[in-house]
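Raw entry-v4.cif, mmCIF, C-alpha atoms and all ligand atoms:
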```cif
data_coords
loop_
_atom_site.label_atom_id
_atom_site.label_comp_id
_atom_site.auth_asym_id
_atom_site.auth_seq_id
_atom_site.Cartn_x
_atom_site.Cartn_y
_atom_site.Cartn_z
CA MET B 1 -1.90 41.22 10.57
CA PRO B 2 -4.16 38.56 12.07
CA ILE B 3 -3.35 34.96 11.08
CA VAL B 4 -5.97 33.20 8.97
CA TYR B 5 -5.51 29.43 8.96
CA ILE B 6 -6.72 27.05 6.26
CA GLY B 7 -6.10 23.30 6.47
CA MET B 8 -5.73 21.60 3.08
CA THR B 9 -4.79 18.31 1.52
CA ALA B 10 -4.42 20.01 -1.90
CA GLU B 11 -4.28 16.69 -3.68
CA ILE B 12 -5.86 18.29 -6.68
CA VAL B 13 -5.94 22.07 -6.66
CA HIS B 14 -8.99 23.66 -8.25
CA HIS B 15 -10.99 26.88 -8.33
CA GLY B 16 -12.72 25.93 -5.05
CA HIS B 17 -9.36 26.32 -3.25
CA ILE B 18 -8.73 29.66 -4.94
CA ASN B 19 -12.17 30.89 -3.81
CA VAL B 20 -11.45 29.92 -0.20
CA ILE B 21 -7.99 31.56 -0.24
CA ALA B 22 -9.38 34.73 -1.84
CA GLN B 23 -11.99 35.05 0.90
CA ALA B 24 -9.51 34.23 3.66
CA ARG B 25 -7.22 37.09 2.54
CA GLU B 26 -9.87 39.57 3.53
CA TYR B 27 -9.33 38.64 7.18
CA GLY B 28 -5.51 38.73 7.35
CA GLU B 29 -2.34 36.82 6.54
CA VAL B 30 -3.17 33.41 5.04
CA VAL B 31 -1.31 30.46 6.54
CA ILE B 32 -2.00 27.09 4.89
CA GLY B 33 -1.76 24.01 7.10
CA LEU B 34 -0.87 21.48 4.43
CA LEU B 35 -1.65 17.92 5.48
CA THR B 36 1.42 15.69 5.35
CA ASP B 37 1.46 12.42 3.39
CA ALA B 38 1.32 10.55 6.72
CA ALA B 39 -1.74 12.52 7.88
CA ILE B 40 -3.64 11.82 4.65
CA ALA B 41 -2.53 8.17 4.39
CA ASP B 42 -3.68 7.52 7.94
CA TYR B 43 -7.15 8.85 7.17
CA LYS B 44 -7.76 7.58 3.63
CA ARG B 45 -4.86 6.74 1.31
CA LEU B 46 -1.56 8.08 0.09
CA PRO B 47 -2.06 11.28 -1.97
CA PHE B 48 -1.01 11.22 -5.62
CA LEU B 49 1.47 14.08 -5.13
CA SER B 50 4.04 14.12 -2.35
CA TYR B 51 3.98 16.76 0.42
CA GLU B 52 6.94 18.58 -1.11
CA ASN B 53 5.28 18.81 -4.52
CA ARG B 54 1.93 19.88 -3.08
CA LYS B 55 3.78 22.51 -1.02
CA LYS B 56 5.47 23.90 -4.14
CA ILE B 57 2.06 24.42 -5.73
CA ILE B 58 0.33 25.94 -2.72
CA GLU B 59 3.06 28.38 -1.74
CA ASN B 60 2.92 29.85 -5.24
CA ILE B 61 -0.76 30.72 -5.09
CA VAL B 62 -1.43 34.44 -4.84
CA GLY B 63 -2.56 35.32 -1.35
CA VAL B 64 -0.79 32.49 0.48
CA SER B 65 1.86 33.89 2.78
CA ARG B 66 3.09 30.70 4.46
CA VAL B 67 2.69 26.92 4.25
CA VAL B 68 3.15 24.88 7.43
CA PRO B 69 2.79 21.11 7.84
CA GLN B 70 -0.38 19.78 9.43
CA GLN B 71 0.78 16.41 10.79
CA GLU B 72 -2.67 15.08 11.65
CA TRP B 73 -6.12 14.98 10.12
CA ASP B 74 -7.26 16.77 13.27
CA TYR B 75 -6.82 20.58 13.22
CA VAL B 76 -6.45 20.98 16.98
CA PRO B 77 -2.66 20.59 17.36
CA ASN B 78 -1.99 23.28 14.72
CA ILE B 79 -4.70 25.59 16.08
CA ARG B 80 -2.98 25.39 19.47
CA GLN B 81 0.46 25.90 17.93
CA TYR B 82 -0.30 28.80 15.57
CA ARG B 83 -3.26 30.34 17.46
CA PRO B 84 -4.88 31.84 14.33
CA GLU B 85 -7.33 34.68 14.92
CA VAL B 86 -9.45 33.20 12.15
CA MET B 87 -9.77 29.75 10.66
CA VAL B 88 -11.49 29.40 7.28
CA HIS B 89 -13.12 26.21 6.03
CA GLY B 90 -15.69 25.28 3.40
CA THR B 91 -19.23 24.49 4.54
CA ASP B 92 -18.81 20.89 3.36
CA TRP B 93 -17.73 19.68 6.82
CA GLN B 94 -20.91 20.73 8.62
CA ALA B 95 -22.36 17.26 8.19
CA GLY B 96 -20.87 13.85 7.54
CA PRO B 97 -17.62 12.23 8.69
CA LEU B 98 -15.79 15.56 9.09
CA ALA B 99 -18.38 17.03 11.49
CA PRO B 100 -16.58 15.82 14.68
CA TYR B 101 -13.36 17.50 13.47
CA ARG B 102 -15.31 20.73 13.02
CA GLU B 103 -16.60 20.54 16.60
CA ARG B 104 -13.09 19.97 17.92
CA ALA B 105 -11.68 22.85 15.88
CA ILE B 106 -14.40 25.22 17.13
CA ALA B 107 -13.65 24.22 20.74
CA ALA B 108 -9.88 24.71 20.28
CA LEU B 109 -10.43 28.16 18.71
CA ALA B 110 -12.72 29.10 21.60
CA GLU B 111 -9.86 28.43 24.07
CA TYR B 112 -8.32 31.82 23.18
CA GLY B 113 -11.09 33.65 21.31
CA GLY B 114 -10.31 32.59 17.73
CA ARG B 115 -13.22 32.22 15.34
CA LEU B 116 -14.28 29.95 12.51
CA ILE B 117 -15.51 31.41 9.23
CA GLU B 118 -17.19 29.03 6.83
CA VAL B 119 -17.32 29.82 3.14
CA PRO B 120 -19.83 28.22 0.78
CA TYR B 121 -18.59 25.00 -0.76
CA THR B 122 -17.89 25.33 -4.51
CA GLU B 123 -20.16 22.78 -6.20
CA GLY B 124 -18.60 20.12 -8.39
CA THR B 125 -15.19 20.17 -6.72
CA SER B 126 -15.28 17.02 -4.60
CA ALA B 127 -11.82 15.46 -4.41
CA GLY B 128 -13.40 12.04 -5.00
CA GLU B 129 -14.83 13.12 -8.36
CA PHE B 130 -11.50 14.57 -9.47
CA ILE B 131 -9.63 11.48 -8.36
CA THR B 132 -11.91 9.24 -10.42
CA GLN B 133 -11.19 11.44 -13.44
CA VAL B 134 -7.45 11.36 -12.80
CA GLN B 135 -7.52 7.58 -12.40
CA SER B 136 -9.28 7.23 -15.71
CA LEU B 137 -6.40 9.11 -17.35
CA GLY B 138 -4.04 6.34 -16.26
CA ASN B 139 -0.82 6.13 -14.37
CA THR B 140 2.78 6.27 -15.54
CA PRO B 141 5.29 3.57 -14.57
CA ASP B 142 7.41 6.23 -12.81
CA THR B 143 4.59 7.46 -10.58
CA ARG B 144 3.45 3.99 -9.65
CA ARG B 145 6.94 2.64 -9.02
CA GLY B 146 7.83 5.36 -6.52
CA THR B 147 4.70 4.84 -4.45
CA LEU B 148 6.13 2.00 -2.36
CA ARG B 149 8.95 4.13 -0.96
CA ARG B 150 6.45 6.94 -0.31
CA LEU B 151 4.17 4.54 1.53
CA LEU B 152 7.03 3.36 3.71
CA ALA B 153 7.84 6.97 4.58
CA ALA B 154 4.22 7.84 5.34
CA LYS B 155 2.81 4.78 7.12
CA PRO B 156 4.12 2.58 9.92
CA LEU B 157 2.53 -0.50 8.28
CA SER B 158 1.38 -0.91 4.67
CA THR B 159 -0.92 -3.72 3.58
CA PHE B 160 -0.47 -5.63 0.33
CA ILE B 161 -2.78 -8.29 -1.05
CA GLU B 162 -2.30 -10.89 -3.73
CA ALA B 163 -3.75 -10.09 -7.15
CA HIS B 164 -3.55 -12.83 -9.77
CA ASN B 165 -5.37 -11.05 -12.60
CA PRO B 166 -6.92 -7.65 -13.36
CA ILE B 167 -10.30 -8.40 -11.79
CA SER B 168 -8.79 -9.52 -8.49
CA ALA B 169 -6.58 -6.40 -8.58
CA LEU B 170 -9.65 -4.22 -9.16
CA ILE B 171 -11.29 -5.76 -6.11
CA ALA B 172 -8.09 -5.14 -4.12
CA GLU B 173 -7.88 -1.55 -5.34
CA HIS B 174 -11.49 -0.55 -4.80
CA THR B 175 -12.48 -2.33 -1.63
CA ALA B 176 -12.81 0.21 1.17
CA VAL B 177 -14.12 -0.26 4.67
CA ALA B 178 -15.01 2.50 7.12
CA LYS B 179 -13.42 1.87 10.51
CA GLY B 180 -14.13 4.54 13.09
CA ASP B 181 -13.58 7.86 11.32
CA LYS B 182 -11.05 6.38 8.91
CA VAL B 183 -11.33 4.52 5.65
CA ARG B 184 -9.23 1.36 5.31
CA ARG B 185 -7.98 0.17 1.93
CA PHE B 186 -5.19 -2.06 0.67
CA ASP B 187 -2.06 -0.12 -0.18
CA GLY B 188 -0.92 -2.33 -3.01
CA PHE B 189 -0.68 -5.68 -4.74
CA TRP B 190 1.45 -8.79 -4.35
CA SER B 191 2.19 -10.75 -7.48
CA SER B 192 2.51 -14.23 -5.98
CA SER B 193 4.41 -17.09 -7.60
CA LEU B 194 2.05 -19.48 -5.80
CA THR B 195 -1.18 -17.98 -7.11
CA ASP B 196 0.16 -17.15 -10.60
CA SER B 197 1.31 -20.79 -10.86
CA THR B 198 -1.99 -22.11 -9.52
CA VAL B 199 -3.98 -20.03 -11.99
CA ALA B 200 -1.82 -21.53 -14.73
CA GLY B 201 -2.44 -25.04 -13.37
CA LYS B 202 1.27 -25.51 -12.59
CA PRO B 203 3.22 -26.25 -9.39
CA ASP B 204 5.00 -23.35 -7.66
CA ILE B 205 8.51 -24.38 -8.78
CA GLU B 206 9.66 -21.38 -10.86
CA ALA B 207 8.24 -23.07 -13.93
CA LEU B 208 6.34 -20.01 -15.18
CA GLU B 209 8.34 -18.02 -17.65
CA ILE B 210 9.15 -14.50 -16.39
CA ASN B 211 7.52 -12.87 -19.43
CA SER B 212 4.20 -14.54 -18.68
CA ARG B 213 4.39 -13.23 -15.10
CA LEU B 214 5.19 -9.74 -16.39
CA ALA B 215 2.41 -9.86 -18.99
CA ASN B 216 -0.02 -10.67 -16.20
CA ILE B 217 1.24 -7.70 -14.18
CA ASN B 218 1.01 -5.47 -17.24
CA ALA B 219 -2.67 -6.41 -17.60
CA ILE B 220 -3.20 -5.55 -13.92
CA PHE B 221 -1.44 -2.21 -14.44
CA ASP B 222 -3.71 -1.40 -17.36
CA VAL B 223 -6.66 -0.92 -15.02
CA THR B 224 -5.23 0.00 -11.60
CA THR B 225 -3.06 2.64 -9.92
CA ARG B 226 -1.56 1.06 -6.82
CA PRO B 227 2.00 -0.19 -6.33
CA LEU B 228 2.93 -3.83 -6.81
CA ILE B 229 5.59 -5.97 -5.19
CA MET B 230 6.66 -8.94 -7.28
CA ASP B 231 7.54 -12.33 -5.87
CA ALA B 232 10.39 -13.33 -8.19
CA ASP B 233 11.11 -16.65 -6.45
CA THR B 234 14.91 -17.08 -6.22
CA GLY B 235 15.54 -14.38 -8.82
CA GLY B 236 17.27 -17.04 -10.95
CA LYS B 237 20.90 -16.68 -11.96
CA PRO B 238 22.44 -13.27 -11.05
CA GLU B 239 22.89 -12.49 -14.76
CA HIS B 240 19.21 -13.20 -15.42
CA PHE B 241 18.15 -11.28 -12.34
CA GLU B 242 19.96 -8.17 -13.64
CA LEU B 243 18.01 -8.31 -16.90
CA ASN B 244 14.73 -8.96 -15.10
CA VAL B 245 15.26 -5.98 -12.78
CA HIS B 246 15.29 -3.79 -15.90
CA SER B 247 12.03 -5.28 -17.14
CA MET B 248 10.35 -4.90 -13.75
CA GLU B 249 11.41 -1.29 -13.38
CA ARG B 250 10.29 -0.42 -16.89
CA LEU B 251 6.85 -1.82 -16.20
CA GLY B 252 6.46 0.25 -13.02
CA ILE B 253 6.79 -2.55 -10.45
CA SER B 254 7.83 -0.98 -7.14
CA GLY B 255 9.91 -3.75 -5.66
CA VAL B 256 10.92 -7.35 -5.99
CA ILE B 257 11.34 -9.97 -3.29
CA ILE B 258 13.82 -12.76 -3.93
CA GLU B 259 14.24 -15.73 -1.61
CA ASP B 260 17.50 -17.32 -0.57
CA LYS B 261 16.93 -20.77 -2.00
CA GLY B 262 19.02 -22.73 -4.47
CA GLY B 263 18.37 -25.74 -6.69
CA LEU B 264 14.73 -26.57 -7.33
CA LYS B 265 12.56 -24.12 -5.43
CA GLU B 266 9.40 -25.44 -3.83
CA ASN B 267 6.74 -23.44 -2.04
CA SER B 268 7.89 -22.34 1.43
CA LEU B 269 4.78 -23.59 3.17
CA LEU B 270 5.79 -27.15 2.20
CA GLY B 271 8.81 -26.56 4.44
CA THR B 272 10.94 -29.63 4.99
CA ASP B 273 8.27 -32.04 3.69
CA VAL B 274 10.01 -31.71 0.33
CA ILE B 275 13.68 -31.42 -0.55
CA GLN B 276 14.68 -27.80 -0.90
CA ASN B 277 17.97 -26.08 -0.19
CA GLN B 278 18.94 -22.70 1.10
CA GLU B 279 21.39 -20.75 -1.04
CA SER B 280 24.77 -19.90 0.51
CA ALA B 281 24.64 -16.43 2.03
CA ILE B 282 27.72 -15.43 0.03
CA LEU B 283 26.17 -16.35 -3.32
CA PHE B 284 22.86 -14.74 -2.40
CA CYS B 285 24.67 -11.50 -1.46
CA ASP B 286 26.27 -11.55 -4.91
CA LYS B 287 22.78 -11.75 -6.46
CA ILE B 288 21.53 -8.83 -4.34
CA ARG B 289 24.56 -6.78 -5.36
CA ALA B 290 24.04 -7.64 -9.04
CA GLY B 291 20.38 -6.56 -8.89
CA CYS B 292 21.17 -3.33 -7.07
CA ALA B 293 23.92 -2.43 -9.52
CA ALA B 294 21.63 -3.13 -12.47
CA ARG B 295 18.69 -0.98 -11.45
CA VAL B 296 18.23 2.37 -13.06
CA SER B 297 15.83 4.12 -10.68
CA ASP B 298 16.40 4.88 -7.00
CA ASP B 299 12.84 4.05 -6.07
CA PHE B 300 12.81 0.39 -7.17
CA MET B 301 13.31 -1.80 -4.08
CA ILE B 302 15.16 -5.11 -3.88
CA ILE B 303 13.99 -7.00 -0.82
CA ALA B 304 15.76 -10.12 0.42
CA ARG B 305 13.66 -12.97 1.78
CA ILE B 306 15.11 -15.24 4.41
CA GLU B 307 14.08 -18.90 4.46
CA SER B 308 16.10 -19.98 7.53
CA LEU B 309 13.02 -20.42 9.73
CA ILE B 310 11.11 -22.22 6.97
CA LEU B 311 14.00 -24.66 6.53
CA GLU B 312 14.66 -25.02 10.28
CA GLN B 313 18.12 -23.48 10.21
CA GLY B 314 17.61 -21.47 13.39
CA MET B 315 17.22 -17.86 14.48
CA ASP B 316 20.96 -17.14 14.52
CA ASP B 317 21.23 -18.14 10.87
CA ALA B 318 18.25 -15.92 10.01
CA ILE B 319 19.70 -12.91 11.81
CA ASN B 320 23.20 -13.39 10.41
CA ARG B 321 21.81 -13.60 6.91
CA ALA B 322 19.67 -10.49 7.46
CA GLY B 323 22.78 -8.51 8.42
CA ALA B 324 24.71 -9.81 5.42
CA TYR B 325 21.87 -9.07 2.99
CA VAL B 326 21.39 -5.51 4.23
CA MET B 327 25.13 -4.94 3.96
CA ALA B 328 25.02 -6.27 0.39
CA GLY B 329 22.48 -3.55 -0.43
CA ALA B 330 19.03 -5.11 0.17
CA ASP B 331 16.47 -2.33 0.64
CA GLY B 332 14.38 -4.45 2.97
CA ILE B 333 14.09 -7.88 4.55
CA MET B 334 11.24 -10.35 4.41
CA ILE B 335 11.24 -12.99 7.12
CA HIS B 336 9.08 -16.00 6.35
CA SER B 337 7.64 -18.53 8.78
CA ARG B 338 5.28 -21.50 8.58
CA GLN B 339 4.54 -21.69 12.30
CA ASN B 340 0.98 -21.20 13.45
CA THR B 341 1.91 -18.45 15.89
CA PRO B 342 3.83 -15.23 15.20
CA ASP B 343 6.34 -15.90 18.02
CA GLU B 344 9.37 -16.60 15.83
CA VAL B 345 8.83 -13.66 13.48
CA PHE B 346 8.36 -11.38 16.50
CA GLU B 347 11.63 -12.66 17.93
CA PHE B 348 13.33 -12.11 14.58
CA ALA B 349 11.95 -8.56 14.43
CA ARG B 350 13.17 -7.82 17.97
CA LEU B 351 16.73 -8.93 17.17
CA PHE B 352 16.75 -7.35 13.70
CA ARG B 353 15.52 -3.99 14.99
CA MET B 354 18.38 -3.83 17.53
CA GLU B 355 20.81 -3.65 14.63
CA PHE B 356 18.66 -2.08 11.90
CA PRO B 357 16.06 0.28 13.37
CA LYS B 358 14.90 1.65 10.01
CA THR B 359 15.32 -1.04 7.31
CA PRO B 360 11.86 -2.03 6.02
CA LEU B 361 10.69 -5.38 7.37
CA VAL B 362 8.13 -7.54 5.57
CA CYS B 363 6.11 -10.55 6.67
CA VAL B 364 3.60 -12.95 5.13
CA PRO B 365 1.26 -14.19 7.87
CA THR B 366 -0.38 -17.10 6.02
CA SER B 367 0.15 -19.84 8.61
CA TYR B 368 -0.09 -17.49 11.60
CA SER B 369 -3.15 -15.66 10.32
CA MET B 370 -4.48 -14.82 13.78
CA VAL B 371 -1.86 -12.10 14.15
CA THR B 372 -3.28 -8.60 13.87
CA GLU B 373 -1.82 -5.77 11.84
CA GLU B 374 -1.65 -3.76 15.04
CA ALA B 375 0.60 -6.39 16.66
CA LEU B 376 2.78 -6.63 13.55
CA ALA B 377 3.26 -2.85 13.51
CA LYS B 378 4.08 -2.87 17.22
CA HIS B 379 6.80 -5.46 16.63
CA GLY B 380 8.39 -3.34 13.93
CA PHE B 381 6.99 -4.72 10.68
CA ASN B 382 6.42 -2.22 7.85
CA ILE B 383 4.72 -4.33 5.20
CA VAL B 384 2.23 -7.15 5.63
CA ILE B 385 1.41 -9.30 2.60
CA TYR B 386 -1.81 -11.32 2.34
CA ALA B 387 -0.18 -13.59 -0.18
CA ASN B 388 -2.86 -15.88 -1.62
CA HIS B 389 -6.22 -14.90 -0.17
CA LEU B 390 -8.18 -13.68 -3.19
CA LEU B 391 -7.48 -16.82 -5.20
CA ARG B 392 -8.23 -19.02 -2.19
CA ALA B 393 -11.55 -17.17 -1.88
CA ALA B 394 -12.46 -17.55 -5.56
CA TYR B 395 -11.59 -21.22 -6.06
CA PRO B 396 -14.02 -22.84 -3.58
CA ALA B 397 -16.81 -20.52 -4.75
CA MET B 398 -16.31 -21.58 -8.38
CA GLN B 399 -15.98 -25.24 -7.40
CA GLN B 400 -19.23 -25.16 -5.45
CA VAL B 401 -21.24 -23.63 -8.28
CA ALA B 402 -19.74 -26.04 -10.82
CA ARG B 403 -20.77 -28.94 -8.59
CA GLU B 404 -24.25 -27.55 -7.97
CA ILE B 405 -24.99 -27.11 -11.67
CA LEU B 406 -24.02 -30.73 -12.32
CA GLN B 407 -26.07 -31.92 -9.38
CA ASN B 408 -29.21 -29.95 -10.22
CA GLY B 409 -29.10 -30.12 -13.98
CA ARG B 410 -29.68 -26.36 -14.03
CA SER B 411 -28.21 -23.18 -12.56
CA PHE B 412 -31.30 -21.90 -10.72
CA GLU B 413 -30.20 -23.18 -7.26
CA SER B 414 -26.90 -21.32 -7.49
CA GLU B 415 -28.32 -17.93 -8.50
CA GLN B 416 -28.50 -16.55 -4.94
CA ARG B 417 -24.75 -17.04 -4.52
CA LEU B 418 -23.87 -15.34 -7.80
CA MET B 419 -23.55 -11.70 -8.74
CA SER B 420 -26.58 -10.75 -10.78
CA ILE B 421 -26.40 -10.31 -14.54
CA ASN B 422 -27.14 -6.61 -14.00
CA GLU B 423 -24.18 -6.37 -11.64
CA ILE B 424 -21.77 -8.06 -14.03
CA LEU B 425 -22.95 -5.89 -16.93
CA GLU B 426 -22.48 -2.79 -14.84
CA LEU B 427 -19.02 -3.96 -13.77
CA ASN B 428 -18.15 -4.85 -17.32
CA ARG B 429 -19.12 -1.42 -18.59
CA GLY B 430 -16.46 0.17 -16.48
CA THR B 431 -17.92 0.58 -13.05
CA THR B 432 -15.29 -0.30 -10.53
CA ALA B 433 -15.43 -3.57 -8.60
C1 LIG J 501 3.92 -16.68 -2.74
O1 LIG J 501 2.86 -16.08 -2.51
O2 LIG J 501 4.16 -17.25 -3.80
C2 LIG J 501 4.98 -16.73 -1.71
C3 LIG J 501 4.60 -16.76 -0.30
O3 LIG J 501 6.12 -16.83 -2.07
S1 LIG J 501 4.53 -18.42 0.15
O4 LIG J 501 3.49 -19.07 -0.69
O5 LIG J 501 4.16 -18.50 1.55
O6 LIG J 501 5.81 -19.05 -0.10
MG MG J 502 6.34 -17.49 -4.05
#
```
Could you take the file, read its structure, and then write that structure out as structure tokens?
Amino acid sequence: MPIVYIGMTAEIVHHGHINVIAQAREYGEVVIGLLTDAAIADYKRLPFLSYENRKKIIENIVGVSRVVPQQEWDYVPNIRQYRPEVMVHGTDWQAGPLAPYRERAIAALAEYGGRLIEVPYTEGTSAGEFITQVQSLGNTPDTRRGTLRRLLAAKPLSTFIEAHNPISALIAEHTAVAKGDKVRRFDGFWSSSLTDSTVAGKPDIEALEINSRLANINAIFDVTTRPLIMDADTGGKPEHFELNVHSMERLGISGVIIEDKGGLKENSLLGTDVIQNQESAILFCDKIRAGCAARVSDDFMIIARIESLILEQGMDDAINRAGAYVMAGADGIMIHSRQNTPDEVFEFARLFRMEFPKTPLVCVPTSYSMVTEEALAKHGFNIVIYANHLLRAAYPAMQQVAREILQNGRSFESEQRLMSINEILELNRGTTA
């Protein structure tokens, strides 16, 4: 029987897929090249269902004889590997961003005499439309929580951005930028102690009650789908941290980062300008162990943040602590720095990776903002957090308009800088940011 190849993401399976498979069967044995999570995440974003779950669905469809992984968005490697006599695709790729992939597939098929058959696209089955519908149905805490571990498995570097309220989270979730043939989006949110405190008009000294932080996150979760990492400052006393891990998991938070400070915590970027102490590594390991023992789900991540470089304790101290924290059960390490170059975090990553090639590594490039994501990925980082940027963007804009209205005795001069009333009404009626 000739091999008939169909590449699919199968994020949401619908009658359009069944039509394509039914037609493909007429030409031979149907082999589905199912795009892996990594292939889809690289091109647009992590699919809602994991590869294994999508595979279970597809291999049970009548007419499918085999499912093989397609590791890239591009069909060429699998065409060369499986050499199908026929490849079937919907007509929807004849124009638009997929057109170059079509050309490449046709050329690869021509190398050995394979042919492309295009079947009419079933109207009303665009994945985008379905995804909007699914999003409007909401998201369970379990699905959201597990997304961080899935991201780490699928992408070399995931990007998280601070969200201090639902509207900033909506902006973070819906902003998309086309770069080459790919679409870039943020992978998730960072709940920052600095920006949550600033919004509340308080200093960043662990003064906000945990339940107010969680209520804020709950409001963000009401209207978004992406994973969130919570900055839980020092985590408090181990006994309190255990209880808070339960609350975070129940809400659907994907991971918590706790920093190894003791006494009164001040913001890290203040460094040694203020008095702040590092916790003993032994006590901090006890807190990590307590949190790990308390958690109920395997997918919730406890990430240990090392403040040795912030507090000028040296690279050896940072590396020794990293080893101890991983041994105590930390699922990842965040190394923080307030230098204006990435040199010391790169050096940390080099030393850390010699001992721990796989443990997720997180950084927060606020003071060394010239570093690129590409360079961070190359040095072994897995998560980059833009920790305060949306609030820092909003504050000066609000301040300027407040000043202008006072100066001018009217708002007319500020109109050009503001979203229009039509835009805010449209946004308010449920259109995404
Ligand atoms: C935060 O965003 O609150 C952080 C990162 O903890 S930093 O402000 O750099 O300490
Ligand atoms: Mg903080």
request  = Write as a PyMOL selection string the residues around ligand MG 502 (chain J), taking 8 Å as the cut-off and counting all atoms listed in the file.
outcome  = chain B and resi 192-194+204+231-233+267-268
With ligand LIG 501 (chain J) as the partner and 9 Å as the cut-off, tabulate the residues of chain B that qualify, each row holding the nearest pair of atoms and their distance in Å to one decimal, using only C-alpha atoms and all ligand atoms, sorted by chain and rising number, as a tab-separated table.
```
residue	atom	partner	partner_atom	distance
B:Glu162	CA	J:LIG501	O1	7.4
B:Trp190	CA	J:LIG501	O1	7.6
B:Ser191	CA	J:LIG501	O1	7.3
B:Ser192	CA	J:LIG501	O1	3.9
B:Ser193	CA	J:LIG501	O2	3.8
B:Leu194	CA	J:LIG501	O2	3.7
B:Thr195	CA	J:LIG501	O2	6.3
B:Asp196	CA	J:LIG501	O2	7.9
B:Ser197	CA	J:LIG501	O2	8.4
B:Asp204	CA	J:LIG501	O2	7.3
B:Asp231	CA	J:LIG501	O3	6.1
B:Ala232	CA	J:LIG501	O3	8.2
B:Asp233	CA	J:LIG501	O3	6.6
B:Ile257	CA	J:LIG501	O3	8.7
B:Ile258	CA	J:LIG501	O3	8.9
B:Glu259	CA	J:LIG501	O3	8.2
B:Glu266	CA	J:LIG501	O6	8.2
B:Asn267	CA	J:LIG501	O6	4.9
B:Ser268	CA	J:LIG501	O6	4.2
B:Leu269	CA	J:LIG501	O5	5.4
B:Leu270	CA	J:LIG501	O6	8.4
B:His336	CA	J:LIG501	O5	7.3
B:Ser337	CA	J:LIG501	O5	8.0
B:Arg338	CA	J:LIG501	O5	7.7
B:Val364	CA	J:LIG501	O5	6.6
B:Pro365	CA	J:LIG501	O5	8.2
B:Thr366	CA	J:LIG501	O5	6.5
B:Ser367	CA	J:LIG501	O5	8.2
B:Ile385	CA	J:LIG501	O1	8.6
B:Tyr386	CA	J:LIG501	O1	8.2
B:Ala387	CA	J:LIG501	O1	4.6
B:Asn388	CA	J:LIG501	O1	5.8
```
key: Nearest-residue call for Val223 in chain B, choices B:Glu413, B:Glu173, B:Glu206, B:Glu312, using all atoms listed in the file   =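 Nearest to Val223 in chain B: B:Glu173.
Closest to Phe346 in chain B among B:Ala375, B:Ile57, B:Ala293, B:Cys285 is B:Ala375, based on only C-alpha atoms.
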message = With only C-alpha atoms as the counted atoms, please give the residues lying no more than 10 Å from range 101-108 of chain B, apart from itself and same-chain residues fewer than 3 positions off, as number ranges by chain.
response = B: 73-80, 83, 87, 89, 93-95, 97-98, 111-116, 181
Please save C-alpha atoms of the selected residues as a tab-separated table (two decimals), in the frame of the given file.
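selection_33.tsv, freshly written:
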```tsv
chain	number	residue	atom	x	y	z
B	73	TRP	CA	-6.12	14.98	10.12
B	74	ASP	CA	-7.26	16.77	13.27
B	75	TYR	CA	-6.82	20.58	13.22
B	76	VAL	CA	-6.45	20.98	16.98
B	77	PRO	CA	-2.66	20.59	17.36
B	78	ASN	CA	-1.99	23.28	14.72
B	79	ILE	CA	-4.70	25.59	16.08
B	80	ARG	CA	-2.98	25.39	19.47
B	83	ARG	CA	-3.26	30.34	17.46
B	87	MET	CA	-9.77	29.75	10.66
B	89	HIS	CA	-13.12	26.21	6.03
B	93	TRP	CA	-17.73	19.68	6.82
B	94	GLN	CA	-20.91	20.73	8.62
B	95	ALA	CA	-22.36	17.26	8.19
B	97	PRO	CA	-17.62	12.23	8.69
B	98	LEU	CA	-15.79	15.56	9.09
B	111	GLU	CA	-9.86	28.43	24.07
B	112	TYR	CA	-8.32	31.82	23.18
B	113	GLY	CA	-11.09	33.65	21.31
B	114	GLY	CA	-10.31	32.59	17.73
B	115	ARG	CA	-13.22	32.22	15.34
B	116	LEU	CA	-14.28	29.95	12.51
B	181	ASP	CA	-13.58	7.86	11.32
```
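Between CA of Gly314 in chain B and CA of Ala349 in chain B lies a distance of 14.1 Å.
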query = Which residues, written as a ChimeraX atom specification, have at least one atom at most 12 Å from Ala394 in chain B, with all atoms listed in the file counted and residues fewer than 3 positions away on the same chain left out?
reply = /B:163-165,167-168,171,195,199,388-391,397-401,418
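Selecting by distance to (12.5, -2.9, -19.1) with a limit of 12 Å and using all atoms listed in the file, one obtains Pro141, Asn211, Leu214, Asn218, Glu242, Leu243, Asn244, Val245, His246, Ser247, Met248, Glu249, Arg250, Leu251, Gly252, Ile253, Ala294, Arg295, Val296 and Ser297 of chain B.
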